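Just below is one structure, and these are the notes that go with it.
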Amino acid sequence: DRAEMLAAIGVGSVDELFEQIPAPLRLGRSLELPDGMSEAEVFERLAALAARNADAEEQVCFVGAGMYDHYVPAIVDAITQRSEFLTPYTPYQPEISQGGLQVMFEFQTAMSELTGLPVSNAGLYEGPSSVASAGYLAMGATKRAKFVVSRGVHPHSRETLATYAVGYGADVVEVGLEGGLTDAAALAAAVDGETAAVILQSPNFLGAVEDVEALGAAAKEHGALLVVACDPMTLGILKPPGECGADIALGEGQPLGNRLDFGGPSFGFFCATEAQIRRMPGRIAGETTDVDGRRGFVLALQTREQHIRREKATNNICTAQALNALGAMVHLAWLGRNGFRELGELLVQRTAYARERLAAVDGVELLHTSPVAREFAVRLDAPVGKVLDRVAERGIAAGYPLGREYPEFEDGLLVAITERRTKAQIDELAEALGAAVAAERGAFPSQEDVKAPLAEEAR
Amino acid sequence: DRAEMLAAIGVGSVDELFEQIPAPLRLGRSLELPDGMSEAEVFERLAALAARNADAEEQVCFVGAGMYDHYVPAIVDAITQRSEFLTPYTPYQPEISQGGLQVMFEFQTAMSELTGLPVSNAGLYEGPSSVASAGYLAMGATKRAKFVVSRGVHPHSRETLATYAVGYGADVVEVGLEGGLTDAAALAAAVDGETAAVILQSPNFLGAVEDVEALGAAAKEHGALLVVACDPMTLGILKPPGECGADIALGEGQPLGNRLDFGGPSFGFFCATEAQIRRMPGRIAGETTDVDGRRGFVLALQTREQHIRREKATNNICTAQALNALGAMVHLAWLGRNGFRELGELLVQRTAYARERLAAVDGVELLHTSPVAREFAVRLDAPVGKVLDRVAERGIAAGYPLGREYPEFEDGLLVAITERRTKAQIDELAEALGAAVAAERGAFPSQEDVKAPLAEEAR
Amino acid sequence: MALTETPMQAERAKTIYEKSKPGRRAAALPATEVPEKPIADLIPSNLLRAEPPRLPEIAEPEIVRHYNRLSRRNFDLDSGFYPLGSCTMKHNPRLNERVAALPGHARLHPAQDPRRAQGALELMWLLQESLGEICGLPHVSLQPSAGSHGELAGLLLTRAYHADRGEQRTKVLAPDTSHGTNPASVTMAGYEVVKVATDEVGGVEMNDLRAKLAENAGEVACLMLTNPNTLGVFDENIAEIAKLIHAAGGTLYYDGANLNAVMGHSRPGDMGFDIVHVNLHKSFSQPHGGGGPGAGPIAVSDRIEPFLPRPQVVRREGSNGHGPGFDLEFERPKSIGRLRGFQGNFGVFVRSYAYILSLGGDGLSEASETAVLNANYLKARLAENRAGERLPIAFDRHCMHEFVLSGKPMKRDLGLATLDLAKRLLDFGFHPPTVYFPLLVEEALMVEPTETETKESLDAFAEAIERILTEAEQNPDLAKNAPYTTPVRRLDEVKATRQPVVRQRLEL
Amino acid sequence: MALTETPMQAERAKTIYEKSKPGRRAAALPATEVPEKPIADLIPSNLLRAEPPRLPEIAEPEIVRHYNRLSRRNFDLDSGFYPLGSCTMKHNPRLNERVAALPGHARLHPAQDPRRAQGALELMWLLQESLGEICGLPHVSLQPSAGSHGELAGLLLTRAYHADRGEQRTKVLAPDTSHGTNPASVTMAGYEVVKVATDEVGGVEMNDLRAKLAENAGEVACLMLTNPNTLGVFDENIAEIAKLIHAAGGTLYYDGANLNAVMGHSRPGDMGFDIVHVNLHKSFSQPHGGGGPGAGPIAVSDRIEPFLPRPQVVRREGSNGHGPGFDLEFERPKSIGRLRGFQGNFGVFVRSYAYILSLGGDGLSEASETAVLNANYLKARLAENRAGERLPIAFDRHCMHEFVLSGKPMKRDLGLATLDLAKRLLDFGFHPPTVYFPLLVEEALMVEPTETETKESLDAFAEAIERILTEAEQNPDLAKNAPYTTPVRRLDEVKATRQPVVRQRLEL
Ligand SMILES: Cc1ncc(COP(=O)(O)O)c(C=O)c1O
Ligand SMILES: Cc1ncc(COP(=O)(O)O)c(C=O)c1O
């Protein structure tokens, strides 16, 4: 082949083709990377790396903080791994992309149902950057440049918003928490005529369910947009943001049909009122008809996007997370209307049980008593890091330590529940935490008698 | 739905439909089985069972004896897991089964190339039962009822042949081994005018490469069929049975694109001369044309099969192993003509090294010195079972103990090599075997210093 | 080029060998690592191969494209309704594929020491127990690789049973409705088939059965039955039949292909059967894979147990503190021996056990209920209008999980053969029912919807049949020349058998 | 009903909501297990939802069928040639999917303590090192989620860099050939875009660059370039350009979307770039997934390093006998902060690192060679006959990995717009090139074959173009009304934007 091709091009060697690169800029040596390996060797190498991570199969996982160890049904993999979904590019040619486009349309419908808002896009990168994109939208919509943000919003979201805000030039004002909930008075005081958006999260980072409607009043009053970040898995039971007056509802989509993957890829969902439809970031599929009158789907409102509007685009996003949104859609269809609600209820019940169970442990107390859905915070009467190490030895990842992002909760631990966390595992966690705290306090009970249950669990 | 459907049928309840079963024969109670479980729970339950097996990821696997720990390329899973290949039935409707039928045709071509025989079927259950089917074919072809079988043929094949022979009424005469190879003189003596088939295996169960051509002379002389079982992975370098005068070449197909799966499902391949085409067992795809003259494929020669010929069928097989044959075809295409040969060479080289390396170990000696391709036999100067237990503690499955099936080799161990077995692993095996034999003999070297290498390996 | 046919479609008919080009490849192999020697020093050159086999030479991207494209030339269960009678094309849960692929299962060597394969042996034991309970027979061997293999096993067990009692019987009875594998297995097991007639309600003709037993007194080794049989009819005389066979000293064999009709409702063991095979790829959701793999475990009564194949998975009570353990039992003096290598199609066992766990006891009996409901509903729909007239039900009574129609009137009145109807159904996006089986029904169509189909699918199928019969009244050729929308149209099967081309010719 | 359209095809256009039926479901959930309480006792009822969202109610078999059927309404890279310019549609090895799915990767929680995620952190560190070597820049952050995210990161880094030096610059230069995300990112980062013209050989117009720099003296924060640029042309003046920009105090940003052309041959760092983003879903084989996921790591020079996002993966020397360890560094006082949650699209990192390991250093540079060879060969083929006449190359010189044709003569002579050609290509089973980009080429067609295509594919594509141009000479309407063989034909995109219907209306 090579010879024929070079002849057709009219050069003697491939090197000639690279002569357009000025000699001094040519590397002139091999890259300092290992030699190529066979597939079997690459597999072994990566399997060896993977083996050095304590994943949720090795450690019972009570860590959440935005990403959760839910069970992803097998059909999600079966469908997302089909070449026809896995390998195409963004559907720029709708006639041969009806599969992907219809999935987007179905996904938008589902997210719109979950959030109670009429407009959804086909997905953004992930949660926190979606918050920053909401800020950008709010600035454009209100021509204002101030955000009032609850300290209950995920620290990663607040930090990402701050990073972006430096760019597009906005101020971020933070409002503190009272008893695990956003300080309503402080919020009302902080919102003014300069405020582009009020940004809340419910359940908030400490797991507490906020009264979005009440808090949102301040936003309405001053004509600011109300932006609400939420955990999609709670929307089967919690009042949807759309019914609480939210202009924008968004969040991290990982709990829906996406694996933990050490943090990504997942997707961010982003829903809004009709009023914002032409300011939305990201792809949006729309229904239309073909020349024969047959129903079909296309990328709608492309006039918002970078490839058409360039510097005037509503956002710079191009490649997003289509495949992850497909995973979410399949998971939602698999759960179905009733299963989705039942799952929400299951989470609330087991979380209530776990919260009670842990609160009863000596050396563990609740960080707040506000209502929670699937995650809650406790305080430990011993250094959190040391306790986590001890519990880890028993094959449990007990939760997310709050210290780094909430110095005021140095002793705080965030515990998350999914349908994979059985009662037995919760009981085991309680026991292990109790033992670890006690041990740290100086008492050393024999590990043996407490190890047994876990062994059983593993069997 | 239910109500509507019952109405359409004209019954009041589903139970009515079961009234055609005489009351005394109705179970009238629930089955004594656990209640249904959620997908997540079933997964956890089976994962817990799987965790109690020492698979080839947990133990470096030098066990062969017909099934080998080869690397199955990722595209094999990707393709065999596609619904279009995974879920259809046998292709009785060729117009909508061209995919599966063409795969069979491509597979038959590949197996025909490997074995050097012009006719191949689309696969049988697995290896040993294919030997029994060859016996059935030979009886029909020769109207004789005696098989002369080498003791080098896989014990499972010999035992399965014996089981079947009781049914279709044939005698099985076994010929012993000399220096790891079939005793040529004894074979010649055993074959006579009553012999329907001479059945050999090369490489034989002890790993030795037989001189099929020479051994086969006896069969030719008396008009018996020459049946040769072979390991497909060796056919890139060993002379194909077809060139050695074999009338039938068959074997266990697992090494080609199939996982170990604790023994199945895999497939058996079965190739023969033109003369036997109408006596072949199993499905055979054939090329033909459609009414528009377009090329297509169908199940050919169905007149051999049970659904047409019933009691006169050449075999009773119906559901076989189509998906496993697809896996083999994809693996063979992935290896390609050159890769397949190179792999064969790699096996021979590493096997030669391993054989030398082990022979040099104190307390280990070769069971025979005949040429081998990818597997060889040694004798241990200590109880094999105890040695295997010790080596297992170091994360190595050292091989297949010969004692049960070859009492004359009580101290024998069969060691297999694949491209996954690295030089480091082979060295580690030698060391571990040496240490174990020594330990069993009473000397106890510290385990610590020898453990290190494996730890590195695992990393 | 027709607008509706792209070059790609035409190109698809190429085989992978025709896409091969010297020097191309997909696989990279590991380095040899060890000191190399000339091959001829290791293996005598007269035993070596001159030329490597002419496998395709092609890079990975084109391999993937080739097989992906081929896959789209298949119709499959995940594409549409597949009412293939007697094949139980029920949904294949993907969970089963996931658990079967766990390394602890997929990379477990079959010769691993039982003490280091306890999970696998326990799973097999649990499956044995479950199938035993479902079949109402206490002992199970998982070894047979498919239904036909189970049949052969059953007949060899029968032979061993009689031989053990010093008897040499030569005949096996089977109804004329029996599946082809039954008589084929009988011959392979060295027996002679004696056909038994079917009565007017689709069951065994009792008088004929008595007659055949009398004629062959002392010679009858076994009666093979499917119940419900291939007509979808449950034989109400089964108790009487069992009595007769046992009185005649024979064994009663149950072809379990139709077990999907009676799970949790009626058990072969309770009906008096001695030996049952179960097609795990039918009732227990193992995907058919385009023709396998499957598995055909057998369940047997106490008197047959001593003869079961070797090795058998057994549970041993725990000793010194350890819990119970599982082992492979090889010491079985009366065993018929092995039927295959190692322990059977374990990967299939994993899937089927996962299926049983998912549904649970009540789930299984519900599955049978729905299967029977769906079959009777579709039967009712097809008794309406034209279908009712042209495609009458062969035996008009409630059916179990499937039913058989006769295309005889259709052929007479419209000149449409059952085959034509089947081919035309392809244009409507349905897999046709099983055709021309069972043999005793003229122009037979055997329909099995299974429990995993929706009412909508059943209705759509009934409407398609109606539409085809309607269009045939105006223009029968439409069906006679069908299909039109498939990758290829009717293929010349005669040619494929007369001058078989079973492999590709390759130039060196 | 047309013979060529089956009811199933028609049915396919239904959404999953239209297949929903009350009471149906796929999922079974675990039992609650714990003592239950009324929800309202746990959460105030005013915070509770009245009605559950109207998600579809449908059983698993129909879900699988629905999405399998939808999938067949997509054209994909594993089906055929996909020369979508600037998108680098190279083969996606399945090995990468396999290793990404290992539980140690797939079920690893992003907040796992670094000491218990050493394998993941080491993998990220190794990928950072590899990308640094490939880009010729020492410091890498993997955090950005895609190329556009990397661009924003780069501009925020630029801002931080200038701010740190007490400067407040307002303008960012970008050529008129730049990709839409470039200007969009500029605006999002609070800068103003200044366009730079392109010269007659497709490079940056140096005089215009000098002029723009002069006009905006002291205001230019950065110049964003793609090199080779979106015309597939390597800008020979790059060294000079870098000198000018640096002299003007700006940073030089490299849009790495076209890195596939120069891997192992030329490095942005050596060209003088300060910041590079790499699209792992282009050059490093992460599948595009129909529009993501991807990842857009950035590599930067020493002077930019202090400002890199938080947290950064670092390697710490081993202490007391332990080997070296890996950690997440949060203490980065000058960092611009987070760009997203956790540590980035790790699953993508696994795939791309597996890809780099598979090819190795030389394999990567071979990949670029073949990509450039394929592009130039296809360019040569398309310079022949009709194509050469109607679709001239925009800038006639050797290209790198892609090239741009102009449909201007085709439109003038045959009345065929580039869009028509693209749509007609669909009937031939090809994905069309990128159309109408870059903007400065009239009726542009941007063709990028990539290194994983065979000569046969390239030839077939060239022949298809030739055929379309030939048929258009007799009958231009053929193309104007194309496509004909696709699941739907040309769709009304205007309507979709004028009266957008972006979700399904559902009855309660
Ligand atoms: C009634 C009946 N018996 C036996 C068999 C044979 O089973 P298998 O295909 O598993 O060998 C079948 C399968 O088609 C069948 O339908
Ligand atoms: C030249 C160029 N720059 C930037 C981008 C944006 O990259 P991404 O889609 O990863 O955001 C693309 C992708 O289309 C591109 O082609």
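Chain labels run A, B, ... following the order of the structure tokens; each chain numbers its residues from 1, and ligands are numbered from 1 in the order shown.
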**OP:** At a cut-off of 9 Å, list the chain D residues touching chain C, using only C-alpha atoms, as JSON, numbers by chain.
**Re:** {"D": [3, 4, 5, 6, 7, 8, 9, 59, 60, 61, 62, 64, 65, 66, 68, 69, 72, 77, 78, 79, 80, 90, 91, 92, 93, 426, 427, 428, 429, 430, 452, 453, 454, 464, 483, 484, 485, 486]}
Atoms kept (N, CA, C and O atoms) for selection, written as a short mmCIF file (atom, residue, chain, number, x, y, z; two decimals), in the first residue's frame:
```cif
data_model
loop_
_atom_site.label_atom_id
_atom_site.label_comp_id
_atom_site.auth_asym_id
_atom_site.auth_seq_id
_atom_site.Cartn_x
_atom_site.Cartn_y
_atom_site.Cartn_z
N LEU D 3 -43.44 -2.14 0.13
CA LEU D 3 -42.78 -3.44 0.37
C LEU D 3 -41.48 -3.24 1.13
O LEU D 3 -41.06 -4.08 1.90
N THR D 4 -40.86 -2.11 0.89
CA THR D 4 -39.52 -1.91 1.46
C THR D 4 -39.58 -1.35 2.87
O THR D 4 -38.56 -1.15 3.50
N GLU D 5 -40.78 -1.04 3.32
CA GLU D 5 -40.84 -0.56 4.70
C GLU D 5 -41.69 -1.49 5.53
O GLU D 5 -42.84 -1.77 5.22
N THR D 6 -41.12 -2.02 6.58
CA THR D 6 -41.87 -2.92 7.43
C THR D 6 -42.54 -2.10 8.53
O THR D 6 -42.06 -1.02 8.88
N PRO D 7 -43.62 -2.64 9.08
CA PRO D 7 -44.28 -1.95 10.19
C PRO D 7 -43.26 -1.65 11.29
O PRO D 7 -43.30 -0.62 11.95
N MET D 8 -42.29 -2.55 11.44
CA MET D 8 -41.32 -2.36 12.51
C MET D 8 -40.56 -1.06 12.30
O MET D 8 -40.37 -0.29 13.20
N GLN D 9 -40.17 -0.81 11.06
CA GLN D 9 -39.43 0.43 10.80
C GLN D 9 -40.28 1.63 11.20
O GLN D 9 -39.83 2.53 11.88
N ALA D 59 -41.23 -2.95 30.56
CA ALA D 59 -40.45 -4.10 31.04
C ALA D 59 -39.11 -4.17 30.31
O ALA D 59 -38.95 -3.61 29.23
N GLU D 60 -38.17 -4.89 30.93
CA GLU D 60 -36.81 -4.92 30.40
C GLU D 60 -36.69 -5.37 28.94
O GLU D 60 -35.97 -4.74 28.16
N PRO D 61 -37.41 -6.42 28.53
CA PRO D 61 -37.22 -6.84 27.13
C PRO D 61 -37.51 -5.72 26.14
O PRO D 61 -36.79 -5.53 25.17
N GLU D 62 -38.54 -4.93 26.44
CA GLU D 62 -38.91 -3.85 25.52
C GLU D 62 -37.94 -2.68 25.61
O GLU D 62 -37.74 -1.96 24.64
N VAL D 64 -34.70 -3.06 26.11
CA VAL D 64 -33.55 -3.49 25.30
C VAL D 64 -33.87 -3.37 23.82
O VAL D 64 -33.09 -2.83 23.04
N ARG D 65 -35.06 -3.82 23.43
CA ARG D 65 -35.43 -3.72 22.02
C ARG D 65 -35.47 -2.27 21.56
O ARG D 65 -34.98 -1.92 20.49
N HIS D 66 -36.02 -1.42 22.40
CA HIS D 66 -36.15 -0.02 22.03
C HIS D 66 -34.78 0.59 21.73
O HIS D 66 -34.57 1.17 20.67
N ASN D 68 -31.85 -0.96 21.30
CA ASN D 68 -31.13 -1.65 20.21
C ASN D 68 -31.61 -1.14 18.86
O ASN D 68 -30.82 -0.89 17.95
N ARG D 69 -32.92 -0.98 18.75
CA ARG D 69 -33.44 -0.49 17.47
C ARG D 69 -32.98 0.93 17.22
O ARG D 69 -32.55 1.28 16.11
N ARG D 72 -29.58 1.19 15.80
CA ARG D 72 -29.42 0.90 14.38
C ARG D 72 -29.85 2.08 13.51
O ARG D 72 -29.72 2.04 12.30
N LEU D 77 -18.66 4.83 13.74
CA LEU D 77 -17.30 4.59 13.26
C LEU D 77 -17.06 3.11 12.99
O LEU D 77 -16.27 2.74 12.11
N ASP D 78 -17.73 2.24 13.73
CA ASP D 78 -17.56 0.81 13.52
C ASP D 78 -18.42 0.30 12.37
O ASP D 78 -18.49 -0.91 12.13
N SER D 79 -19.11 1.22 11.70
CA SER D 79 -19.89 0.81 10.52
C SER D 79 -19.21 1.23 9.23
O SER D 79 -19.39 0.59 8.20
N GLY D 80 -18.49 2.31 9.27
CA GLY D 80 -17.87 2.76 8.03
C GLY D 80 -17.01 4.00 8.19
O GLY D 80 -16.84 4.53 9.29
N LYS D 90 -10.66 8.14 14.78
CA LYS D 90 -9.82 6.96 14.66
C LYS D 90 -10.45 5.80 15.41
O LYS D 90 -11.31 6.00 16.28
N HIS D 91 -9.99 4.61 15.09
CA HIS D 91 -10.52 3.40 15.72
C HIS D 91 -10.43 3.48 17.25
O HIS D 91 -9.46 3.97 17.80
N ASN D 92 -11.47 2.99 17.91
CA ASN D 92 -11.51 2.93 19.37
C ASN D 92 -11.27 1.50 19.82
O ASN D 92 -12.18 0.68 19.77
N PRO D 93 -10.06 1.20 20.29
CA PRO D 93 -9.77 -0.20 20.69
C PRO D 93 -10.67 -0.65 21.84
O PRO D 93 -10.87 0.09 22.80
N LEU D 426 -24.41 10.15 2.18
CA LEU D 426 -25.07 9.25 3.13
C LEU D 426 -25.63 8.03 2.42
O LEU D 426 -25.57 6.92 2.94
N ASP D 427 -26.14 8.24 1.19
CA ASP D 427 -26.70 7.10 0.45
C ASP D 427 -25.61 6.10 0.07
O ASP D 427 -25.90 4.94 -0.19
N PHE D 428 -24.38 6.59 0.02
CA PHE D 428 -23.27 5.71 -0.34
C PHE D 428 -22.64 5.05 0.88
O PHE D 428 -21.64 4.35 0.78
N GLY D 429 -23.22 5.31 2.03
CA GLY D 429 -22.73 4.65 3.24
C GLY D 429 -21.50 5.29 3.85
O GLY D 429 -20.77 4.64 4.60
N PHE D 430 -21.28 6.56 3.54
CA PHE D 430 -20.16 7.26 4.16
C PHE D 430 -20.66 8.37 5.06
O PHE D 430 -21.68 9.00 4.78
N THR D 452 -6.28 5.05 10.92
CA THR D 452 -6.79 3.67 11.05
C THR D 452 -7.65 3.25 9.86
O THR D 452 -8.33 2.23 9.93
N GLU D 453 -7.63 4.03 8.81
CA GLU D 453 -8.40 3.65 7.62
C GLU D 453 -7.50 2.96 6.59
O GLU D 453 -6.32 3.27 6.50
N THR D 454 -8.11 2.05 5.85
CA THR D 454 -7.35 1.34 4.82
C THR D 454 -7.39 2.13 3.51
O THR D 454 -8.27 2.96 3.29
N ALA D 464 -16.84 7.33 -4.65
CA ALA D 464 -18.20 7.79 -4.36
C ALA D 464 -18.35 9.26 -4.75
O ALA D 464 -19.32 9.65 -5.41
N PRO D 483 -30.74 12.65 1.34
CA PRO D 483 -30.57 11.21 1.14
C PRO D 483 -31.91 10.49 0.91
O PRO D 483 -32.97 11.04 1.20
N TYR D 484 -31.80 9.24 0.41
CA TYR D 484 -32.99 8.43 0.15
C TYR D 484 -33.01 7.16 0.99
O TYR D 484 -34.07 6.57 1.22
N THR D 485 -31.86 6.72 1.42
CA THR D 485 -31.76 5.38 2.02
C THR D 485 -31.65 5.44 3.54
O THR D 485 -31.42 4.42 4.18
N THR D 486 -31.77 6.61 4.10
CA THR D 486 -31.59 6.77 5.55
C THR D 486 -32.93 6.61 6.27
O THR D 486 -33.98 6.76 5.65
#
```
For Tyr406 in chain B: contacts at 10 Å, only C-alpha atoms, fewer than 5 positions along chain excluded, given as an mmCIF file with N, CA, C and O atoms, in the first residue's frame:
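Below is the file that was written, result_28.cif:
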```cif
data_model
loop_
_atom_site.group_PDB
_atom_site.id
_atom_site.type_symbol
_atom_site.label_atom_id
_atom_site.label_comp_id
_atom_site.auth_asym_id
_atom_site.auth_seq_id
_atom_site.Cartn_x
_atom_site.Cartn_y
_atom_site.Cartn_z
ATOM 1 N N ARG B 151 -3.419 -44.503 24.138
ATOM 2 C CA ARG B 151 -3.512 -44.052 25.526
ATOM 3 C C ARG B 151 -3.058 -42.593 25.648
ATOM 4 O O ARG B 151 -3.208 -41.958 26.680
ATOM 5 N N PRO B 155 -7.785 -38.521 28.431
ATOM 6 C CA PRO B 155 -8.585 -39.490 29.192
ATOM 7 C C PRO B 155 -10.079 -39.201 29.112
ATOM 8 O O PRO B 155 -10.886 -40.126 29.019
ATOM 9 N N PRO B 401 -2.220 -32.876 37.841
ATOM 10 C CA PRO B 401 -1.641 -34.118 38.368
ATOM 11 C C PRO B 401 -2.124 -35.319 37.551
ATOM 12 O O PRO B 401 -3.308 -35.456 37.279
ATOM 13 N N ASP B 411 3.417 -39.952 40.156
ATOM 14 C CA ASP B 411 4.247 -38.791 40.508
ATOM 15 C C ASP B 411 4.290 -37.779 39.368
ATOM 16 O O ASP B 411 5.143 -36.898 39.335
ATOM 17 N N GLY B 412 3.397 -37.926 38.405
ATOM 18 C CA GLY B 412 3.454 -37.086 37.211
ATOM 19 C C GLY B 412 2.684 -35.785 37.336
ATOM 20 O O GLY B 412 1.636 -35.710 37.981
#
```
**OP:** Fewer than 2 positions away in the same chain doesn't count, so skip those; otherwise give me all residues within 12 Å of Arg210 in chain C, counting only C-alpha atoms, as a PyMOL selection string.
**Re:** chain C and resi 173+196-197+204-208+212-217+220+240-245+247-248
Original post:
Looking only at the backbone, which of the residues in range 253-350 of chain B does DSSP tag as strand (DSSP E), as a ChimeraX atom specification?
Top reply: /B:268-272,285-289,295-299
Atoms kept (N, CA, C and O atoms) for selection, written as a short mmCIF file (atom, residue, chain, number, x, y, z; two decimals), in the first residue's frame:
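Writing done, so here's part.cif:
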```cif
data_model
loop_
_atom_site.label_atom_id
_atom_site.label_comp_id
_atom_site.auth_asym_id
_atom_site.auth_seq_id
_atom_site.Cartn_x
_atom_site.Cartn_y
_atom_site.Cartn_z
N GLY B 268 -16.43 -27.92 20.01
CA GLY B 268 -15.55 -28.91 19.39
C GLY B 268 -15.52 -28.63 17.91
O GLY B 268 -16.53 -28.28 17.33
N PHE B 269 -14.33 -28.74 17.32
CA PHE B 269 -14.29 -28.60 15.85
C PHE B 269 -14.19 -29.99 15.25
O PHE B 269 -13.74 -30.94 15.91
N PHE B 270 -14.62 -30.11 14.01
CA PHE B 270 -14.74 -31.43 13.39
C PHE B 270 -14.57 -31.27 11.88
O PHE B 270 -15.43 -30.70 11.22
N CYS B 271 -13.44 -31.74 11.37
CA CYS B 271 -13.15 -31.62 9.95
C CYS B 271 -12.93 -33.01 9.35
O CYS B 271 -12.51 -33.93 10.04
N ALA B 272 -13.20 -33.13 8.05
CA ALA B 272 -13.06 -34.44 7.41
C ALA B 272 -12.77 -34.31 5.93
O ALA B 272 -12.76 -33.21 5.37
N ALA B 285 -22.76 -24.72 7.19
CA ALA B 285 -23.26 -23.63 6.35
C ALA B 285 -22.69 -23.81 4.95
O ALA B 285 -21.56 -24.27 4.77
N GLY B 286 -23.49 -23.48 3.95
CA GLY B 286 -23.04 -23.57 2.57
C GLY B 286 -23.37 -22.30 1.82
O GLY B 286 -24.32 -21.59 2.15
N GLU B 287 -22.57 -22.04 0.78
CA GLU B 287 -22.80 -20.84 -0.02
C GLU B 287 -23.81 -21.16 -1.12
O GLU B 287 -23.79 -22.24 -1.69
N THR B 288 -24.67 -20.20 -1.42
CA THR B 288 -25.62 -20.35 -2.52
C THR B 288 -26.03 -18.97 -3.01
O THR B 288 -25.35 -17.99 -2.70
N THR B 289 -27.10 -18.90 -3.78
CA THR B 289 -27.55 -17.60 -4.30
C THR B 289 -29.04 -17.45 -4.05
O THR B 289 -29.76 -18.44 -3.89
N ARG B 295 -25.35 -13.42 -3.69
CA ARG B 295 -24.71 -14.44 -2.88
C ARG B 295 -25.35 -14.51 -1.49
O ARG B 295 -25.72 -13.50 -0.90
N GLY B 296 -25.48 -15.72 -0.99
CA GLY B 296 -26.03 -15.89 0.35
C GLY B 296 -25.58 -17.22 0.93
O GLY B 296 -24.94 -18.03 0.25
N PHE B 297 -25.92 -17.43 2.19
CA PHE B 297 -25.51 -18.65 2.88
C PHE B 297 -26.72 -19.31 3.52
O PHE B 297 -27.67 -18.63 3.93
N VAL B 298 -26.69 -20.64 3.57
CA VAL B 298 -27.79 -21.40 4.18
C VAL B 298 -27.20 -22.58 4.97
O VAL B 298 -26.02 -22.88 4.85
N LEU B 299 -28.05 -23.24 5.74
CA LEU B 299 -27.64 -24.49 6.35
C LEU B 299 -27.69 -25.55 5.25
O LEU B 299 -28.76 -25.83 4.71
#
```
Could you list, as a CSV table (one decimal) with C-alpha atoms, in the first residue's frame, every residue of chain B that has an atom within 10 Å of an atom of chain D, counting only C-alpha atoms?
```
chain,number,residue,atom,x,y,z
B,1,ASP,CA,-53.9,-6.4,30.1
B,36,GLY,CA,-37.0,-13.6,43.9
B,37,MET,CA,-34.2,-11.1,44.4
B,38,SER,CA,-33.4,-7.7,42.9
B,39,GLU,CA,-30.7,-7.5,40.3
B,40,ALA,CA,-28.2,-6.0,42.7
B,41,GLU,CA,-28.8,-8.7,45.2
B,73,PRO,CA,-8.9,-10.2,23.0
B,74,ALA,CA,-11.4,-7.6,23.9
B,75,ILE,CA,-13.0,-7.5,20.5
B,76,VAL,CA,-14.2,-11.1,21.0
B,77,ASP,CA,-16.4,-10.1,23.9
B,78,ALA,CA,-17.5,-6.9,22.1
B,79,ILE,CA,-18.7,-8.9,19.1
B,82,ARG,CA,-23.9,-8.1,20.5
B,83,SER,CA,-27.6,-8.9,20.7
B,84,GLU,CA,-27.6,-9.8,17.0
B,459,ARG,CA,2.4,-5.4,41.3
```
